[in-house]
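Have a look at the structure below, then the notes.
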Protein chains: 2
Amino acid sequence: MIRIGIYGYGNLGRGIESAIRQNPDMELVAVFTRRDPASLKINTDGAEVVSVADVDKYADKIDVMMICGGSATDLPVQTPTLAEKFSVVDSFDTHAKIPEHFARVDSAARKGNNIAMISVGWDPGMFSLNRLYASAILPDGKDYTFWGKGVSQGHSDAIRRIEGVLDAKQYTIPVDAALESVRRGDAPTLTTREKHTRECFVVAAEGADKARIEKEIKEMPNYFADYDTTVHFISKEELVRDHGGIPHGGFVIRSGKTGFDGEHNHIIEYSLKLDSNPEFTASVLVAYARAAYRLKSEGVSGCKTVFDVPPAYLSPKSHDEIIATML
Amino acid sequence: MIRIGIYGYGNLGRGIESAIRQNPDMELVAVFTRRDPASLKINTDGAEVVSVADVDKYADKIDVMMICGGSATDLPVQTPTLAEKFSVVDSFDTHAKIPEHFARVDSAARKGNNIAMISVGWDPGMFSLNRLYASAILPDGKDYTFWGKGVSQGHSDAIRRIEGVLDAKQYTIPVDAALESVRRGDAPTLTTREKHTRECFVVAAEGADKARIEKEIKEMPNYFADYDTTVHFISKEELVRDHGGIPHGGFVIRSGKTGFDGEHNHIIEYSLKLDSNPEFTASVLVAYARAAYRLKSEGVSGCKTVFDVPPAYLSPKSHDEIIATML
């Protein structure tokens with residue numbers, strides 16, 4: 001049994017807790033929280049709820065710690081600190097800062113003789129893998145990543161900060177015409193506006209100036225100004241009823257040519273359609289926890305990404321079995 | 001530079017020759033042939049054409065030998081024999097016999113301290129990888145593989161063996177309704193007939209009994225009897241003009257559930273749309289030649305499959321670069 005700890009119990013932490021139940025070779029030992037442990041009710045009989053202050057006492061009781069903090073301020077501190085004591089998995093997703101995070105985590109993990117898997121999930125994660133595989137196979141080609149249809153937490157938060165907004169949900173939506181052009185092998189050059197649209201569902205305070213709110217959303221730099229954005233004002237009840245989920249997904253497509261004269265075109269497409277973004281992300285993290293456990297058992301240490309793990313390490317099946325049944 | 005040899009110069013061998021040109025870290029050293037080397041014209045200046053009888057003389061001149069024989073009778077002999085002298089890559093695709101092939105090649109490769117990558121391509125190969133990744137991520141789910149639309153060489157050959165048939169091309173076509181049901185998350189149980197149809201373009205000899213030929217095709221056990229099959233009789237000219245290509249492709253889809261009550265559904269889909277089946281297969285083999293070269297350089301030996309290779313080993317880019325640009 002692979003003994004798992006969950007560090008942080010939000011959407012991702014709960015997703016990991018439920019994913020562990022689908023993997024018979026894993027058990028949840030403890031959930032670590034910054035809140036008062038007595039106040040936290042988890043869903044797994046027999047697992048403890050422990051204060052983060054006591055985490056070091058669990059060094060011999062946990063094989064892999066799943067770190068469920070945010071990328072902005074939590075993970076840059078938590079992952080290097082915990083990697084000295086535990087093998088860990090995180091979902092660090094600030095793409096531009098991954099090299100820096102890798103270096104810091106790598107030296108901590110080597111110091112502790114642990115494996116630290118960083119930036120696991122679907123993007124970064126499965127989408128990254130597909131970008132790498134496809135570009136290695138078709139060097140003469142072009143990559144496209146589309147996100148959605150799905151809820152962007154960051155964009156929803158940005159709308160909520162506008163005066164007069166009580167709540168909001170923002171969907172990122174790939175533009176069909178762009179997707180179809182890429183799939184046809186046109187290899188188009190696409191602007192930001194041509195790739196995605198943004199659709200916003202906003203609950204405004206009573207008496208708030210809706211025209212001003214809509215203008216502020218549509219003109220918000222970085223978040224909305226470069227996109228065709230639609231704004232719908234709805235009631236609190238409608239938001240809860242129709243937009244309560246956290247779906248997401250997207251597409252990684254590579255279009256490339258082969259042949260002595262580049263005469264043959266090929267399309268490699270990977271897509272995800274997810275009812276629950278955090279639960280799917282959690283499921284990827286749990287598969288990589290198995291890989292971290294195995295690598296550590298073999299005496300390997302250091303920081304690893306999805307690029308560094310032989311796929312066989314993710315499966316609970318034996319090597320003989322995967323060769324006989326999946327190859 | 002990774003020095004490549006090509007063993008067998010049919011469609012796959014020529015595909016490898018053209019793929020090498022797209023990979024600046026590789027060079028073609030020699031093509032080995034069972035034919036008279038003087039009779040063979042290749043497309044790469046500076047590369048030799050050599051009789052297979054002389055292959056052992058190239059042990060120090062070639063880093064990775066790409067074995068381009070057929071799975072029925074060539075590869076079971078060629079791959080173990082060559083793996084004692086060279087690191088090799090093959091595309092052995094008789095799924096049921098892979099464990100046996102693996103065992104035989106593994107002991108030969110270890111004896112020679114070489115790496116032997118077997119069953120590389122898209123199925124087995126990229127499709128296998130996607131079955132493995134998706135099932136590790138979504139343990140509570142169901143896998144579907146659809147092939148096509150594409151030319152099946154085996155089925156085309158089977159038609160050509162019928163009396164009165166001069167030539168034929170057979171397309172395997174996935175059934176749209178089945179694909180859509182899988183993508184919706186219905187998790188259907190599908191019969192052979194419900195998954196694929198078969199479309200045949202046949203050139204009959206003058207005066208041949210077309211009704212009899214059509215009946216023989218449609219009732220052929222294993223190949224056609226379990227499918228809805230359409231037969232078109234066309235002229236030799238039409239066959240050459242409209243069906244001269246070797247396109248293929250397909251879909252690997254996993255539909256799975258997450259959540260404490262399996263309340264969320266997820267779809268992972270990987271698809272290929274290929275203008276040239278042999279050139280795409282060759283491109284996959286060439287990427288894995290790079291991996292074989294690197295593994296061997298690290299002192300690893302033995303038989304490997306796509307399941308055993310860290311994805312980073314396929315890319316010509318450095319680890320720092322892929323982390324900075326692709327993760």
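Going by the structure tokens order, chains are called A, B, ..., each with residues numbered from 1, while ligands are numbered from 1 in the order shown.
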
Counting only C-alpha atoms, chain A residues within 7 Å of chain B, as a PyMOL selection string = chain A and resi 15+18-19+22+95+98-99+124-125+128+131-133+136-140+258-260+264-276+279+283-284+287+307-312+314-315+323-324+326-327

Report the residues of stretch 84-278 of chain A whose backbone DSSP state falls under strand (DSSP E or B), written as an mmCIF file with N, CA, C and O atoms, in the first residue's frame.
data_model
loop_
_atom_site.group_PDB
_atom_site.id
_atom_site.type_symbol
_atom_site.label_atom_id
_atom_site.label_comp_id
_atom_site.auth_asym_id
_atom_site.auth_seq_id
_atom_site.Cartn_x
_atom_site.Cartn_y
_atom_site.Cartn_z
ATOM 1 N N SER A 87 8.541 12.443 -0.109
ATOM 2 C CA SER A 87 8.318 12.507 -1.545
ATOM 3 C C SER A 87 7.002 13.247 -1.733
ATOM 4 O O SER A 87 6.061 13.054 -0.957
ATOM 5 N N VAL A 88 6.957 14.132 -2.725
ATOM 6 C CA VAL A 88 5.797 15.014 -2.869
ATOM 7 C C VAL A 88 5.332 15.083 -4.333
ATOM 8 O O VAL A 88 6.079 14.753 -5.253
ATOM 9 N N VAL A 89 4.082 15.505 -4.508
ATOM 10 C CA VAL A 89 3.549 15.829 -5.834
ATOM 11 C C VAL A 89 2.859 17.181 -5.715
ATOM 12 O O VAL A 89 2.082 17.393 -4.768
ATOM 13 N N ILE A 115 11.679 12.029 -3.956
ATOM 14 C CA ILE A 115 11.222 12.391 -5.298
ATOM 15 C C ILE A 115 10.197 13.515 -5.151
ATOM 16 O O ILE A 115 9.274 13.409 -4.336
ATOM 17 N N ALA A 116 10.366 14.572 -5.921
ATOM 18 C CA ALA A 116 9.380 15.652 -5.938
ATOM 19 C C ALA A 116 8.872 15.826 -7.362
ATOM 20 O O ALA A 116 9.613 16.256 -8.247
ATOM 21 N N MET A 117 7.623 15.450 -7.585
ATOM 22 C CA MET A 117 6.999 15.626 -8.899
ATOM 23 C C MET A 117 6.327 16.995 -8.912
ATOM 24 O O MET A 117 5.422 17.238 -8.103
ATOM 25 N N TRP A 122 -3.241 18.739 -15.820
ATOM 26 C CA TRP A 122 -3.461 18.617 -17.273
ATOM 27 C C TRP A 122 -2.813 19.732 -18.090
ATOM 28 O O TRP A 122 -2.368 19.488 -19.198
ATOM 29 N N GLY A 125 1.024 19.440 -17.541
ATOM 30 C CA GLY A 125 0.776 18.032 -17.260
ATOM 31 C C GLY A 125 0.500 17.277 -18.543
ATOM 32 O O GLY A 125 1.356 17.204 -19.423
ATOM 33 N N GLY A 141 6.398 21.101 -37.972
ATOM 34 C CA GLY A 141 4.980 21.298 -37.709
ATOM 35 C C GLY A 141 4.737 22.446 -36.761
ATOM 36 O O GLY A 141 5.655 23.196 -36.411
ATOM 37 N N LYS A 142 3.501 22.579 -36.341
ATOM 38 C CA LYS A 142 3.063 23.714 -35.546
ATOM 39 C C LYS A 142 2.103 23.213 -34.467
ATOM 40 O O LYS A 142 1.233 22.393 -34.752
ATOM 41 N N ASP A 143 2.280 23.754 -33.260
ATOM 42 C CA ASP A 143 1.469 23.369 -32.094
ATOM 43 C C ASP A 143 0.360 24.354 -31.832
ATOM 44 O O ASP A 143 0.570 25.566 -31.949
ATOM 45 N N TYR A 144 -0.770 23.853 -31.404
ATOM 46 C CA TYR A 144 -1.875 24.720 -30.984
ATOM 47 C C TYR A 144 -2.437 24.184 -29.682
ATOM 48 O O TYR A 144 -2.703 22.985 -29.568
ATOM 49 N N THR A 145 -2.641 25.048 -28.689
ATOM 50 C CA THR A 145 -3.359 24.655 -27.484
ATOM 51 C C THR A 145 -4.595 25.537 -27.360
ATOM 52 O O THR A 145 -4.491 26.770 -27.419
ATOM 53 N N PHE A 146 -5.750 24.920 -27.250
ATOM 54 C CA PHE A 146 -7.012 25.624 -26.992
ATOM 55 C C PHE A 146 -7.520 25.179 -25.626
ATOM 56 O O PHE A 146 -7.432 23.997 -25.285
ATOM 57 N N TRP A 147 -8.073 26.117 -24.850
ATOM 58 C CA TRP A 147 -8.655 25.749 -23.567
ATOM 59 C C TRP A 147 -10.165 25.947 -23.602
ATOM 60 O O TRP A 147 -10.665 26.902 -24.214
ATOM 61 N N GLY A 150 -14.649 25.956 -20.475
ATOM 62 C CA GLY A 150 -14.479 25.718 -19.069
ATOM 63 C C GLY A 150 -14.408 26.981 -18.253
ATOM 64 O O GLY A 150 -14.249 28.087 -18.780
ATOM 65 N N VAL A 151 -14.516 26.765 -16.947
ATOM 66 C CA VAL A 151 -14.514 27.883 -16.004
ATOM 67 C C VAL A 151 -13.088 28.297 -15.697
ATOM 68 O O VAL A 151 -12.274 27.476 -15.284
ATOM 69 N N VAL A 165 -20.340 44.112 -8.292
ATOM 70 C CA VAL A 165 -20.484 42.694 -8.648
ATOM 71 C C VAL A 165 -20.526 41.857 -7.374
ATOM 72 O O VAL A 165 -19.632 41.943 -6.535
ATOM 73 N N LEU A 166 -21.592 41.047 -7.230
ATOM 74 C CA LEU A 166 -21.707 40.183 -6.061
ATOM 75 C C LEU A 166 -21.053 38.825 -6.304
ATOM 76 O O LEU A 166 -20.436 38.249 -5.419
ATOM 77 N N ASP A 167 -21.205 38.325 -7.524
ATOM 78 C CA ASP A 167 -20.607 37.024 -7.846
ATOM 79 C C ASP A 167 -20.514 36.911 -9.370
ATOM 80 O O ASP A 167 -21.197 37.641 -10.096
ATOM 81 N N ALA A 168 -19.683 35.989 -9.852
ATOM 82 C CA ALA A 168 -19.518 35.838 -11.301
ATOM 83 C C ALA A 168 -18.850 34.519 -11.635
ATOM 84 O O ALA A 168 -18.102 33.961 -10.828
ATOM 85 N N LYS A 169 -19.173 34.038 -12.841
ATOM 86 C CA LYS A 169 -18.496 32.853 -13.399
ATOM 87 C C LYS A 169 -18.118 33.196 -14.834
ATOM 88 O O LYS A 169 -18.943 33.698 -15.592
ATOM 89 N N GLN A 170 -16.866 32.878 -15.211
ATOM 90 C CA GLN A 170 -16.403 33.164 -16.556
ATOM 91 C C GLN A 170 -16.027 31.883 -17.275
ATOM 92 O O GLN A 170 -15.279 31.066 -16.727
ATOM 93 N N TYR A 171 -16.553 31.701 -18.489
ATOM 94 C CA TYR A 171 -16.196 30.539 -19.305
ATOM 95 C C TYR A 171 -15.259 30.947 -20.440
ATOM 96 O O TYR A 171 -15.511 31.933 -21.139
ATOM 97 N N THR A 172 -14.191 30.190 -20.609
ATOM 98 C CA THR A 172 -13.292 30.329 -21.750
ATOM 99 C C THR A 172 -13.781 29.345 -22.806
ATOM 100 O O THR A 172 -14.018 28.176 -22.491
ATOM 101 N N ILE A 173 -13.939 29.821 -24.043
ATOM 102 C CA ILE A 173 -14.524 28.987 -25.101
ATOM 103 C C ILE A 173 -13.652 29.036 -26.349
ATOM 104 O O ILE A 173 -13.382 30.119 -26.877
ATOM 105 N N PRO A 174 -13.195 27.889 -26.851
ATOM 106 C CA PRO A 174 -12.405 27.901 -28.084
ATOM 107 C C PRO A 174 -13.286 28.287 -29.269
ATOM 108 O O PRO A 174 -14.469 27.942 -29.296
ATOM 109 N N HIS A 196 -9.960 32.202 -28.794
ATOM 110 C CA HIS A 196 -10.917 31.988 -27.702
ATOM 111 C C HIS A 196 -11.879 33.157 -27.556
ATOM 112 O O HIS A 196 -11.487 34.300 -27.797
ATOM 113 N N THR A 197 -13.102 32.854 -27.130
ATOM 114 C CA THR A 197 -14.014 33.905 -26.683
ATOM 115 C C THR A 197 -14.232 33.719 -25.175
ATOM 116 O O THR A 197 -13.908 32.664 -24.622
ATOM 117 N N ARG A 198 -14.778 34.771 -24.538
ATOM 118 C CA ARG A 198 -15.028 34.706 -23.092
ATOM 119 C C ARG A 198 -16.486 35.065 -22.821
ATOM 120 O O ARG A 198 -16.991 36.053 -23.335
ATOM 121 N N GLU A 199 -17.131 34.225 -22.013
ATOM 122 C CA GLU A 199 -18.539 34.442 -21.695
ATOM 123 C C GLU A 199 -18.659 34.577 -20.168
ATOM 124 O O GLU A 199 -18.183 33.715 -19.429
ATOM 125 N N CYS A 200 -19.327 35.683 -19.747
ATOM 126 C CA CYS A 200 -19.357 35.990 -18.314
ATOM 127 C C CYS A 200 -20.801 35.991 -17.810
ATOM 128 O O CYS A 200 -21.675 36.597 -18.433
ATOM 129 N N PHE A 201 -21.035 35.351 -16.677
ATOM 130 C CA PHE A 201 -22.333 35.368 -16.003
ATOM 131 C C PHE A 201 -22.146 36.103 -14.688
ATOM 132 O O PHE A 201 -21.373 35.669 -13.833
ATOM 133 N N VAL A 202 -22.850 37.250 -14.578
ATOM 134 C CA VAL A 202 -22.561 38.183 -13.493
ATOM 135 C C VAL A 202 -23.812 38.436 -12.652
ATOM 136 O O VAL A 202 -24.895 38.680 -13.198
ATOM 137 N N VAL A 203 -23.647 38.370 -11.338
ATOM 138 C CA VAL A 203 -24.707 38.774 -10.416
ATOM 139 C C VAL A 203 -24.350 40.171 -9.910
ATOM 140 O O VAL A 203 -23.322 40.342 -9.239
ATOM 141 N N ALA A 204 -25.199 41.164 -10.276
ATOM 142 C CA ALA A 204 -24.914 42.549 -9.876
ATOM 143 C C ALA A 204 -25.692 42.901 -8.609
ATOM 144 O O ALA A 204 -26.770 42.354 -8.346
ATOM 145 N N ASP A 228 -13.174 38.678 -27.675
ATOM 146 C CA ASP A 228 -14.592 38.981 -27.824
ATOM 147 C C ASP A 228 -15.288 38.430 -26.591
ATOM 148 O O ASP A 228 -15.280 37.215 -26.352
ATOM 149 N N THR A 229 -15.856 39.340 -25.808
ATOM 150 C CA THR A 229 -16.409 38.971 -24.515
ATOM 151 C C THR A 229 -17.910 39.252 -24.481
ATOM 152 O O THR A 229 -18.355 40.299 -24.933
ATOM 153 N N THR A 230 -18.663 38.292 -23.955
ATOM 154 C CA THR A 230 -20.105 38.462 -23.791
ATOM 155 C C THR A 230 -20.402 38.500 -22.294
ATOM 156 O O THR A 230 -19.848 37.690 -21.536
ATOM 157 N N VAL A 231 -21.270 39.443 -21.886
ATOM 158 C CA VAL A 231 -21.621 39.551 -20.468
ATOM 159 C C VAL A 231 -23.123 39.349 -20.296
ATOM 160 O O VAL A 231 -23.925 39.996 -20.978
ATOM 161 N N HIS A 232 -23.520 38.411 -19.423
ATOM 162 C CA HIS A 232 -24.929 38.173 -19.091
ATOM 163 C C HIS A 232 -25.137 38.500 -17.618
ATOM 164 O O HIS A 232 -24.398 37.976 -16.779
ATOM 165 N N PHE A 233 -26.150 39.333 -17.335
ATOM 166 C CA PHE A 233 -26.492 39.558 -15.927
ATOM 167 C C PHE A 233 -27.586 38.577 -15.531
ATOM 168 O O PHE A 233 -28.616 38.472 -16.206
ATOM 169 N N ILE A 246 -17.574 23.030 -12.067
ATOM 170 C CA ILE A 246 -16.240 23.519 -12.433
ATOM 171 C C ILE A 246 -15.741 22.685 -13.615
ATOM 172 O O ILE A 246 -14.720 22.008 -13.546
ATOM 173 N N HIS A 248 -14.079 21.872 -17.329
ATOM 174 C CA HIS A 248 -13.034 22.463 -18.157
ATOM 175 C C HIS A 248 -12.607 21.459 -19.215
ATOM 176 O O HIS A 248 -13.247 20.417 -19.384
ATOM 177 N N GLY A 249 -11.540 21.757 -19.888
ATOM 178 C CA GLY A 249 -11.045 20.873 -20.928
ATOM 179 C C GLY A 249 -10.236 21.656 -21.933
ATOM 180 O O GLY A 249 -9.793 22.771 -21.647
ATOM 181 N N GLY A 250 -10.058 21.065 -23.111
ATOM 182 C CA GLY A 250 -9.298 21.760 -24.138
ATOM 183 C C GLY A 250 -8.698 20.798 -25.133
ATOM 184 O O GLY A 250 -9.016 19.599 -25.125
ATOM 185 N N PHE A 251 -7.842 21.358 -25.974
ATOM 186 C CA PHE A 251 -7.309 20.632 -27.128
ATOM 187 C C PHE A 251 -5.836 20.975 -27.322
ATOM 188 O O PHE A 251 -5.466 22.146 -27.269
ATOM 189 N N VAL A 252 -5.009 19.958 -27.545
ATOM 190 C CA VAL A 252 -3.641 20.175 -28.009
ATOM 191 C C VAL A 252 -3.552 19.533 -29.383
ATOM 192 O O VAL A 252 -3.796 18.333 -29.530
ATOM 193 N N ILE A 253 -3.257 20.336 -30.377
ATOM 194 C CA ILE A 253 -3.227 19.833 -31.750
ATOM 195 C C ILE A 253 -1.870 20.157 -32.374
ATOM 196 O O ILE A 253 -1.377 21.284 -32.234
ATOM 197 N N ARG A 254 -1.268 19.168 -33.013
ATOM 198 C CA ARG A 254 -0.085 19.466 -33.820
ATOM 199 C C ARG A 254 -0.367 19.069 -35.255
ATOM 200 O O ARG A 254 -0.881 18.000 -35.531
ATOM 201 N N SER A 255 -0.052 19.985 -36.119
ATOM 202 C CA SER A 255 -0.215 19.788 -37.544
ATOM 203 C C SER A 255 1.189 19.786 -38.130
ATOM 204 O O SER A 255 1.965 20.713 -37.891
ATOM 205 N N GLY A 256 1.559 18.710 -38.831
ATOM 206 C CA GLY A 256 2.927 18.635 -39.344
ATOM 207 C C GLY A 256 3.019 17.889 -40.655
ATOM 208 O O GLY A 256 2.082 17.188 -41.047
ATOM 209 N N LYS A 257 4.156 18.056 -41.311
ATOM 210 C CA LYS A 257 4.355 17.470 -42.638
ATOM 211 C C LYS A 257 5.464 16.430 -42.630
ATOM 212 O O LYS A 257 6.426 16.543 -41.870
ATOM 213 N N THR A 258 5.338 15.436 -43.504
ATOM 214 C CA THR A 258 6.412 14.471 -43.723
ATOM 215 C C THR A 258 6.607 14.283 -45.223
ATOM 216 O O THR A 258 5.827 14.783 -46.028
ATOM 217 N N HIS A 264 3.031 15.196 -47.363
ATOM 218 C CA HIS A 264 1.965 14.558 -46.582
ATOM 219 C C HIS A 264 1.730 15.296 -45.271
ATOM 220 O O HIS A 264 2.668 15.623 -44.557
ATOM 221 N N ASN A 265 0.459 15.523 -44.990
ATOM 222 C CA ASN A 265 0.101 16.253 -43.783
ATOM 223 C C ASN A 265 -0.455 15.292 -42.728
ATOM 224 O O ASN A 265 -1.104 14.306 -43.055
ATOM 225 N N HIS A 266 -0.210 15.636 -41.463
ATOM 226 C CA HIS A 266 -0.675 14.789 -40.369
ATOM 227 C C HIS A 266 -1.217 15.669 -39.256
ATOM 228 O O HIS A 266 -0.668 16.735 -38.992
ATOM 229 N N ILE A 267 -2.276 15.187 -38.618
ATOM 230 C CA ILE A 267 -2.846 15.902 -37.478
ATOM 231 C C ILE A 267 -2.849 14.972 -36.267
ATOM 232 O O ILE A 267 -3.399 13.871 -36.319
ATOM 233 N N ILE A 268 -2.210 15.427 -35.187
ATOM 234 C CA ILE A 268 -2.253 14.721 -33.903
ATOM 235 C C ILE A 268 -3.090 15.586 -32.967
ATOM 236 O O ILE A 268 -2.783 16.760 -32.775
ATOM 237 N N GLU A 269 -4.148 15.022 -32.422
ATOM 238 C CA GLU A 269 -5.016 15.820 -31.540
ATOM 239 C C GLU A 269 -5.257 15.099 -30.225
ATOM 240 O O GLU A 269 -5.581 13.911 -30.190
ATOM 241 N N TYR A 270 -5.105 15.845 -29.132
ATOM 242 C CA TYR A 270 -5.405 15.319 -27.798
ATOM 243 C C TYR A 270 -6.425 16.257 -27.186
ATOM 244 O O TYR A 270 -6.244 17.472 -27.225
ATOM 245 N N SER A 271 -7.519 15.709 -26.663
ATOM 246 C CA SER A 271 -8.509 16.593 -26.076
ATOM 247 C C SER A 271 -9.071 16.033 -24.779
ATOM 248 O O SER A 271 -9.076 14.821 -24.553
ATOM 249 N N LEU A 272 -9.499 16.954 -23.928
ATOM 250 C CA LEU A 272 -10.108 16.607 -22.645
ATOM 251 C C LEU A 272 -11.448 17.303 -22.537
ATOM 252 O O LEU A 272 -11.583 18.465 -22.932
ATOM 253 N N LYS A 273 -12.438 16.582 -22.013
ATOM 254 C CA LYS A 273 -13.749 17.173 -21.725
ATOM 255 C C LYS A 273 -14.076 16.749 -20.302
ATOM 256 O O LYS A 273 -14.388 15.581 -20.054
ATOM 257 N N LEU A 274 -13.963 17.700 -19.373
ATOM 258 C CA LEU A 274 -13.947 17.368 -17.953
ATOM 259 C C LEU A 274 -15.144 17.968 -17.227
ATOM 260 O O LEU A 274 -15.337 19.180 -17.267
ATOM 261 N N SER A 276 -15.339 17.937 -13.971
ATOM 262 C CA SER A 276 -14.773 18.567 -12.772
ATOM 263 C C SER A 276 -13.273 18.729 -12.944
ATOM 264 O O SER A 276 -12.508 17.757 -12.872
#

As a compact mmCIF listing (two decimals) with N, CA, C and O atoms, in the first residue's frame, please: the residues near stretch 64-75 of chain B (cut-off 7 Å, only C-alpha atoms, same-chain neighbours under 3 positions excluded).
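Produced file out.txt, reproduced below:
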# COMPACT_ATOMS: atom_id res chain seq x y z
N ARG B 3 24.03 8.18 -35.67
CA ARG B 3 24.25 7.52 -36.96
C ARG B 3 23.23 6.39 -37.15
O ARG B 3 23.20 5.44 -36.38
N ILE B 4 22.41 6.53 -38.18
CA ILE B 4 21.27 5.62 -38.37
C ILE B 4 21.51 4.66 -39.53
O ILE B 4 22.04 5.07 -40.58
N GLY B 5 21.11 3.40 -39.35
CA GLY B 5 21.04 2.43 -40.45
C GLY B 5 19.58 2.05 -40.70
O GLY B 5 18.78 2.05 -39.76
N ILE B 6 19.24 1.80 -41.94
CA ILE B 6 17.89 1.35 -42.28
C ILE B 6 18.01 -0.07 -42.83
O ILE B 6 18.75 -0.30 -43.80
N TYR B 7 17.29 -1.00 -42.21
CA TYR B 7 17.38 -2.41 -42.60
C TYR B 7 16.08 -2.79 -43.31
O TYR B 7 15.09 -3.08 -42.67
N GLY B 8 16.10 -2.73 -44.63
CA GLY B 8 14.89 -3.00 -45.42
C GLY B 8 14.36 -1.69 -46.00
O GLY B 8 14.09 -0.75 -45.25
N LEU B 12 8.22 1.80 -45.32
CA LEU B 12 8.65 2.25 -44.00
C LEU B 12 10.09 2.75 -44.04
O LEU B 12 10.42 3.80 -43.48
N GLY B 13 10.95 2.01 -44.74
CA GLY B 13 12.35 2.40 -44.85
C GLY B 13 12.50 3.77 -45.52
O GLY B 13 13.27 4.61 -45.06
N GLN B 78 14.77 -11.08 -37.43
CA GLN B 78 15.71 -9.96 -37.61
C GLN B 78 16.00 -9.21 -36.30
O GLN B 78 17.16 -8.88 -36.01
N THR B 79 14.97 -8.92 -35.52
CA THR B 79 15.19 -8.07 -34.35
C THR B 79 16.10 -8.74 -33.32
O THR B 79 17.09 -8.13 -32.89
N PHE B 86 23.59 -4.33 -32.59
CA PHE B 86 23.21 -2.92 -32.70
C PHE B 86 22.11 -2.57 -31.69
O PHE B 86 21.32 -3.44 -31.33
N SER B 87 22.03 -1.30 -31.32
CA SER B 87 20.76 -0.83 -30.76
C SER B 87 19.80 -0.75 -31.93
O SER B 87 20.18 -0.35 -33.03
N VAL B 88 18.55 -1.16 -31.69
CA VAL B 88 17.60 -1.29 -32.80
C VAL B 88 16.24 -0.70 -32.43
O VAL B 88 15.91 -0.54 -31.24
N VAL B 89 15.46 -0.39 -33.45
CA VAL B 89 14.05 -0.01 -33.27
C VAL B 89 13.25 -0.83 -34.27
O VAL B 89 13.63 -0.87 -35.45
N ASP B 90 12.16 -1.48 -33.82
CA ASP B 90 11.27 -2.13 -34.78
C ASP B 90 9.83 -1.71 -34.54
O ASP B 90 9.52 -1.00 -33.57
N PHE B 92 7.18 -4.04 -34.59
CA PHE B 92 6.47 -5.32 -34.48
C PHE B 92 5.03 -5.10 -34.03
O PHE B 92 4.79 -4.56 -32.95
N ASP B 93 4.06 -5.53 -34.85
CA ASP B 93 2.68 -5.15 -34.53
C ASP B 93 1.70 -6.32 -34.43
O ASP B 93 0.49 -6.12 -34.50
N THR B 94 2.21 -7.52 -34.23
CA THR B 94 1.30 -8.63 -33.94
C THR B 94 1.03 -8.63 -32.43
O THR B 94 1.78 -9.21 -31.65
N ALA B 289 14.39 6.31 -31.92
CA ALA B 289 15.81 6.03 -32.17
C ALA B 289 16.67 6.95 -31.29
O ALA B 289 17.68 6.54 -30.73
N TYR B 293 19.30 5.71 -28.45
CA TYR B 293 20.68 6.20 -28.44
C TYR B 293 21.06 6.75 -27.06
O TYR B 293 22.12 6.46 -26.51

note = From atom CA of A:Ser301 to atom CA of A:Asn113 the spacing works out at 5.1 Å

ask   = Which of these, B:Leu179, B:Val77, B:Ala187, B:Ile234, has the shortest distance to B:Ala205 once you count only C-alpha atoms?
value =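 Answer, going by the shortest atom-to-atom distance: B:Ile234.
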
message = Just to confirm, what's the straight-line distance from atom CA of A:Phe32 to atom CA of A:Gly121 in Å (one decimal)?
response = 20.7 Å
